[in-house]
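Engineer: Got a structure for you, run-v4.cif, holding mmCIF, C-alpha atoms.
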data_coords
loop_
_atom_site.label_atom_id
_atom_site.label_comp_id
_atom_site.auth_asym_id
_atom_site.auth_seq_id
_atom_site.Cartn_x
_atom_site.Cartn_y
_atom_site.Cartn_z
CA MET A 956 129.65 20.21 8.30
CA HIS A 957 128.40 19.98 4.74
CA ASN A 958 127.44 23.65 4.61
CA TYR A 959 130.08 24.49 1.99
CA ILE A 960 127.46 23.30 -0.50
CA LEU A 961 125.26 26.30 0.41
CA ASN A 962 127.73 28.53 -1.45
CA TYR A 963 126.66 26.86 -4.68
CA LEU A 964 122.93 27.50 -4.23
CA PRO A 965 121.68 30.14 -6.67
CA TYR A 966 118.92 31.48 -4.35
CA LYS A 967 119.13 34.77 -2.46
CA SER A 968 117.65 36.11 0.80
CA SER A 969 113.87 35.85 0.66
CA PHE A 970 113.89 32.71 -1.47
CA LEU A 971 116.73 30.75 0.13
CA PHE A 972 115.20 27.96 2.21
CA VAL A 973 118.21 26.00 3.47
CA ASP A 974 119.97 26.63 6.84
CA ASN A 975 122.05 23.51 7.44
CA ILE A 976 123.00 20.28 5.72
CA SER A 977 123.66 17.60 8.34
CA ALA A 978 124.18 14.56 6.10
CA LEU A 979 125.12 14.33 2.45
CA SER A 980 126.11 11.37 0.30
CA GLU A 981 125.61 10.22 -3.26
CA ASP A 982 122.42 8.44 -2.15
CA GLY A 983 120.72 11.21 -0.22
CA VAL A 984 120.72 14.32 1.94
CA THR A 985 119.35 15.59 5.25
CA GLY A 986 119.01 19.29 6.00
CA ASN A 987 116.90 21.78 7.90
CA TYR A 988 115.33 25.20 7.70
CA THR A 989 113.68 27.43 10.31
CA LEU A 990 110.81 29.53 8.99
CA LYS A 991 111.42 33.24 9.53
CA LYS A 992 108.75 35.10 11.45
CA ASP A 993 108.95 38.06 9.04
CA ALA A 994 108.94 36.01 5.80
CA PHE A 995 107.20 37.88 2.98
CA PHE A 996 104.36 35.37 2.57
CA TYR A 997 102.99 35.44 6.13
CA GLU A 998 101.49 38.91 5.91
CA ASP A 999 98.98 37.81 3.29
CA HIS A 1000 98.79 34.04 3.94
CA PHE A 1001 96.69 34.64 5.96
CA PRO A 1002 96.06 38.12 7.38
CA GLY A 1003 96.25 37.77 11.15
CA ASN A 1004 96.69 34.01 10.86
CA PRO A 1005 100.13 33.21 9.40
CA VAL A 1006 100.47 29.67 7.99
CA THR A 1007 103.32 28.50 5.75
CA PRO A 1008 101.96 28.04 2.20
CA GLY A 1009 102.15 24.52 0.75
CA VAL A 1010 104.09 25.92 -2.18
CA ILE A 1011 106.80 27.14 0.25
CA ILE A 1012 106.88 23.75 2.00
CA THR A 1013 107.34 22.23 -1.46
CA GLU A 1014 110.14 24.70 -2.24
CA ILE A 1015 111.98 23.90 1.02
CA MET A 1016 111.80 20.18 0.18
CA ALA A 1017 113.01 20.83 -3.37
CA GLN A 1018 115.93 23.11 -2.39
CA ILE A 1019 117.29 20.69 0.24
CA GLY A 1020 116.23 17.39 -1.30
CA VAL A 1021 116.83 17.92 -5.00
CA VAL A 1022 119.01 20.99 -5.56
CA VAL A 1023 121.56 20.41 -2.77
CA LEU A 1024 121.84 16.72 -3.65
CA GLY A 1025 122.01 17.48 -7.39
CA ILE A 1026 124.82 20.01 -6.94
CA HIS A 1027 126.67 17.55 -4.69
CA LEU A 1028 126.42 14.85 -7.38
CA MET A 1029 127.70 17.29 -10.01
CA LEU A 1030 130.60 18.48 -7.83
CA THR A 1031 131.77 15.05 -6.72
CA GLY A 1032 131.93 13.64 -10.22
CA ASN A 1033 129.15 11.14 -9.68
CA ALA A 1034 127.17 12.96 -12.33
CA ASP A 1035 126.43 11.56 -15.71
CA LYS A 1036 129.69 12.10 -17.57
CA ASN A 1037 127.98 14.22 -20.20
CA VAL A 1038 126.41 16.71 -17.83
CA ALA A 1039 128.14 19.59 -16.08
CA MET A 1040 127.23 22.89 -14.48
CA ASN A 1041 128.50 26.25 -15.67
CA GLU A 1042 127.85 29.86 -14.72
CA GLY A 1043 124.65 30.04 -16.80
CA SER A 1044 123.18 26.92 -15.18
CA PHE A 1045 120.22 26.90 -12.85
CA PRO A 1046 118.07 24.15 -11.37
CA LEU A 1047 114.52 23.55 -12.65
CA LEU A 1048 111.88 21.44 -10.95
CA THR A 1049 110.27 19.10 -13.49
CA SER A 1050 107.73 17.28 -11.33
CA THR A 1051 106.40 17.08 -7.79
CA ASN A 1052 103.78 14.96 -6.14
CA VAL A 1053 103.45 15.99 -2.50
CA GLU A 1054 101.05 15.18 0.32
CA PHE A 1055 100.80 17.48 3.33
CA TYR A 1056 100.10 16.08 6.79
CA LYS A 1057 100.66 18.94 9.24
CA MET A 1058 100.68 22.75 9.19
CA VAL A 1059 103.96 24.62 9.64
CA LEU A 1060 103.84 27.91 11.56
CA PRO A 1061 106.29 30.85 11.69
CA GLU A 1062 109.58 30.09 13.54
CA GLU A 1063 109.09 26.32 13.26
CA LYS A 1064 112.13 24.27 12.27
CA VAL A 1065 111.62 21.58 9.65
CA ILE A 1066 113.93 18.70 8.78
CA VAL A 1067 114.05 17.42 5.20
CA THR A 1068 115.32 13.95 4.29
CA SER A 1069 115.79 12.95 0.67
CA LYS A 1070 116.60 9.57 -0.84
CA LYS A 1071 117.81 9.36 -4.42
CA GLN A 1072 115.70 7.19 -6.72
CA TYR A 1073 117.85 7.79 -9.76
CA PHE A 1074 120.17 10.32 -11.37
CA ARG A 1075 120.39 9.69 -15.10
CA PHE A 1076 120.75 11.80 -18.24
CA GLY A 1077 120.88 14.91 -16.04
CA LYS A 1078 117.59 14.24 -14.25
CA LEU A 1079 117.53 13.65 -10.48
CA LYS A 1080 114.48 12.00 -8.95
CA CYS A 1081 114.07 11.67 -5.16
CA LEU A 1082 111.67 10.54 -2.47
CA ILE A 1083 111.54 13.37 0.07
CA GLU A 1084 110.07 13.64 3.57
CA MET A 1085 109.73 16.64 5.86
CA HIS A 1086 109.42 16.27 9.64
CA ASN A 1087 109.00 18.84 12.43
CA THR A 1088 111.09 18.91 15.62
CA ALA A 1089 108.55 16.59 17.32
CA ASN A 1090 109.51 14.08 14.59
CA GLU A 1091 106.02 14.24 13.10
CA LEU A 1092 105.68 13.79 9.33
CA VAL A 1093 104.79 17.18 7.82
CA ALA A 1094 104.94 16.35 4.12
CA LYS A 1095 106.08 13.59 1.79
CA GLY A 1096 106.47 13.30 -1.95
CA THR A 1097 108.38 12.50 -5.09
CA PHE A 1098 110.39 15.27 -6.74
CA ALA A 1099 112.42 15.49 -9.93
CA GLY A 1100 114.55 18.20 -11.46
CA VAL A 1101 117.15 19.01 -14.08
CA ILE A 1102 119.92 21.56 -14.49
CA LYS A 1103 118.95 24.00 -17.23
CA ASN A 1104 121.76 25.04 -19.59
CA ALA A 1105 123.83 22.09 -18.42
CA ALA A 1106 126.61 21.96 -20.97
CA PRO A 1107 128.47 18.83 -22.08
CA LYS A 1108 131.72 18.63 -20.08
CA GLN A 1109 133.97 18.76 -23.11
CA SER A 1110 132.68 22.21 -24.15
CA VAL A 1111 133.07 23.51 -20.58
CA ASN A 1112 136.71 22.51 -20.63
CA GLU A 1113 137.43 24.22 -23.93
CA MET B 324 110.98 -8.79 -32.63
CA ASP B 325 110.18 -6.71 -35.75
CA ARG B 326 109.65 -2.95 -35.88
CA LYS B 327 105.87 -3.23 -35.79
CA ALA B 328 106.00 -5.37 -32.66
CA ILE B 329 108.40 -2.93 -30.99
CA LEU B 330 106.09 -0.02 -31.93
CA ASN B 331 103.12 -1.77 -30.36
CA GLU B 332 104.99 -2.38 -27.11
CA LEU B 333 106.34 1.17 -27.19
CA LYS B 334 102.75 2.43 -27.03
CA LYS B 335 102.41 0.81 -23.60
CA VAL B 336 105.66 2.40 -22.42
CA LEU B 337 104.55 5.86 -23.62
CA ALA B 338 100.97 5.63 -22.34
CA PRO B 339 101.57 6.97 -18.78
CA TYR B 340 103.38 10.04 -20.14
CA THR B 341 100.95 11.48 -22.70
CA GLU B 342 97.49 12.96 -22.24
CA ASP B 343 96.65 12.51 -25.92
CA LYS B 344 95.46 8.89 -26.07
CA ALA B 345 94.00 9.27 -29.58
CA MET B 346 97.36 10.50 -30.93
CA LEU B 347 99.13 7.66 -29.09
CA GLU B 348 96.85 5.08 -30.72
CA GLY B 349 97.81 6.36 -34.17
CA ILE B 350 101.57 6.86 -33.73
CA ASN B 351 103.91 6.08 -36.59
CA GLU B 352 107.70 6.24 -37.00
CA GLN B 353 107.57 10.00 -37.66
CA THR B 354 105.67 10.84 -34.45
CA ASP B 355 107.69 13.28 -32.30
CA LEU B 356 107.50 12.53 -28.58
CA ILE B 357 107.55 16.17 -27.46
CA LYS B 358 105.91 18.03 -30.37
CA ASP B 359 103.21 15.50 -31.26
CA LEU B 360 102.60 13.53 -28.06
CA LYS B 361 103.22 16.64 -25.88
CA ILE B 362 105.39 14.68 -23.45
CA ASN B 363 107.17 16.66 -20.68
CA SER B 364 110.79 16.65 -21.90
CA ALA B 365 112.10 15.62 -18.45
CA ASN B 366 109.88 12.52 -18.66
CA LEU B 367 111.89 11.29 -21.67
CA VAL B 368 114.34 10.06 -19.01
CA ASP B 369 111.57 8.01 -17.35
CA ILE B 370 110.49 6.65 -20.73
CA ILE B 371 114.07 5.49 -21.39
CA ILE B 372 114.25 3.86 -17.93
CA ASP B 373 110.87 2.14 -18.51
CA ALA B 374 111.98 1.00 -21.98
CA GLU B 375 115.14 -0.48 -20.44
CA SER B 376 113.13 -2.68 -18.09
CA GLN B 377 110.45 -3.47 -20.70
CA TYR B 378 113.04 -4.77 -23.19
CA ASN B 379 115.74 -5.77 -20.66
CA ILE B 380 118.34 -3.58 -22.37
CA GLU B 381 120.71 -0.79 -21.30
CA ILE B 382 120.54 2.57 -23.06
CA ASP B 383 123.58 4.88 -22.82
CA PHE B 384 123.75 8.66 -23.13
CA ASP B 385 124.54 8.69 -26.86
CA ALA B 386 121.64 6.36 -27.70
CA ALA B 387 119.28 8.26 -25.39
CA GLU B 388 119.99 11.54 -27.16
CA LYS B 389 118.62 10.09 -30.41
CA MET B 390 115.31 9.03 -28.90
CA TYR B 391 113.15 12.04 -29.77
CA ASN B 392 110.75 10.39 -32.20
CA VAL B 393 109.12 6.97 -32.43
CA GLY B 394 111.29 5.78 -35.34
CA ASN B 395 114.50 6.69 -33.52
CA CYS B 396 113.28 4.92 -30.38
CA ILE B 397 112.61 1.78 -32.43
CA ASP B 398 116.09 2.08 -34.03
CA VAL B 399 117.76 2.19 -30.61
CA ILE B 400 115.64 -0.60 -29.11
CA ALA B 401 116.03 -2.85 -32.18
CA GLU B 402 119.80 -2.34 -32.19
CA LYS B 403 120.13 -3.16 -28.48
CA LEU B 404 117.90 -6.24 -28.81
CA ASN B 405 119.84 -7.52 -31.79
CA PRO B 406 123.32 -5.89 -31.84
CA SER B 407 124.57 -7.78 -34.89
CA ALA B 408 121.69 -6.73 -37.19
#
Could you spell out this file's structure in structure tokens?
Structural biologist:
Amino acid sequence: MHNYILNYLPYKSSFLFVDNISALSEDGVTGNYTLKKDAFFYEDHFPGNPVTPGVIITEIMAQIGVVVLGIHLMLTGNADKNVAMNEGSFPLLTSTNVEFYKMVLPEEKVIVTSKKQYFRFGKLKCLIEMHNTANELVAKGTFAGVIKNAAPKQSVNE
Amino acid sequence: MDRKAILNELKKVLAPYTEDKAMLEGINEQTDLIKDLKINSANLVDIIIDAESQYNIEIDFDAAEKMYNVGNCIDVIAEKLNPSA
């Protein structure tokens, strides 16, 4: 029901890691993604023994937990008044600190829950958890990001 | 609180965000947070938030934009601590 936000994500096909957004507010977001069996990274990670790379787990958490929430905050006017998105804008991760608890295999569905810690001066920082469908904690960490090329609102309106 | 006292407290605020502890020890008003202390630019936001709680002040967007070197940080903090000065 919040999937309209997916239209604003800048990622395409092999690097889009968001299927559904089930809850979205100015304080946080919940969404999910099901790992595709034929994803490009399984062939080599590892040959004959496909396991989702930690860097992909991190990316799934960042796309749902930071980018979707950040775009929502920008769109709903809860953003810092001096920060806006334009066509040249894209999200950049500025820090992560993640711990991994369980492996994720091809075709598994993962649920990402993010709670906003702060959104100030264009930087969004969140505490993010990933669970599997058995409600086991898969990964947990703190993420922060900014919008690159974010222009002051007054110049966007000109 | 004079500028020297603010600078000494600022060192504590900056400490978690720079790897260069020797440079931090010798900072002066001209020290640039990004170029000299090699601080991740996104962490300037965290430094501002930490400074707010350290000095019990509120820093707005316009003030935050000025805080790229130690002298400018001291200007902003001193002004917020003592608005009439």
Engineer: Quick one: which residues from chain A are at most 8 Å off chain B, using only C-alpha atoms, as a PyMOL selection string?
Structural biologist: chain A and resi 1037+1049+1075-1076+1078+1100-1101
Engineer: What's the separation between atom CA of A:Lys1095 and atom CA of B:Ile370, in Å to one decimal place?
Structural biologist: 24.0 Å
Engineer: Which residues, named as in the file, does the PyMOL selection byres ((chain A and resi 958-962) around 10) pick out? Answer as JSON, numbers by chain.
Structural biologist: {"A": [956, 957, 963, 964, 965, 966, 971, 973, 974, 975, 976, 977, 978, 979, 986, 1019, 1023, 1024, 1026, 1027, 1030]}
Engineer: Mind pulling up the distance from atom CA of A:Gly1096 to atom CA of A:Gly983?
Structural biologist: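 The value is 14.5 Å.
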Engineer: Interatomic distance between atom CA of A:Leu1079 and atom CA of A:Phe1098?
Structural biologist: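 So the two atoms, atom CA of A:Leu1079 and atom CA of A:Phe1098, lie 8.2 Å apart.
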Engineer: Using only C-alpha atoms, which residues sit within 8 Å of B:Ala401 once same-chain residues fewer than 6 positions away are excluded, as a list in words?
Structural biologist: Met324, Asp325, Arg326 and Ile329 of chain B
Engineer: Any chance you could work out the axis-aligned box around stretch 1076-1095 of chain A, listed atoms only, 6 Å on each side, giving centre and edge lengths in Å to one decimal, as AutoDock Vina command-line options?
Structural biologist:
--center_x 112.8 --center_y 14.7 --center_z -0.5 --size_x 28.1 --size_y 20.4 --size_z 47.6
Engineer: Determine the residue membership of the PyMOL selection byres ((chain B and resi 394) around 9) for the file above and supply it as a list of chain:residue names.
Structural biologist: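 Those residues are B:Arg326, B:Leu330, B:Asn351, B:Glu352, B:Gln353, B:Thr354, B:Asp355, B:Met390, B:Tyr391, B:Asn392, B:Val393, B:Asn395, B:Cys396, B:Ile397, B:Asp398, B:Val399.
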Engineer: Which is closest to A:Asn1052 among A:Cys1081, A:Val1006, A:Leu1092, A:Ala994, if we use all atoms listed in the file?
Structural biologist: A:Cys1081
Engineer: Tell me, as a ChimeraX atom specification, which residues lie within 12 Å of A:Tyr1056, counting only C-alpha atoms; anything in the same chain fewer than 5 positions away does not count.
Structural biologist: /A:1009,1012,1084-1087,1091-1096
Engineer: Choose the residue, out of A:Lys1070, A:His1000, A:Lys1064, A:Lys967, that has the smallest atom-to-atom separation from A:Glu981; count all atoms listed in the file.
Structural biologist: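 Nearest candidate to A:Glu981 out of A:Lys1070, A:His1000, A:Lys1064, A:Lys967: A:Lys1070.
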Engineer: Nearest to B:Gln377: which of B:Lys361, B:Leu333, B:Thr341, B:Glu402 is it, counting only C-alpha atoms?
Structural biologist: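 Looking only at the distances to B:Gln377, the closest residue turns out to be B:Leu333.
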Engineer: Between B:Ile357, B:Ala374, B:Ile380, B:Ala386, which is the closest to B:Leu404 once you count all atoms listed in the file?
Structural biologist: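 Result for the nearest residue to B:Leu404: B:Ile380.
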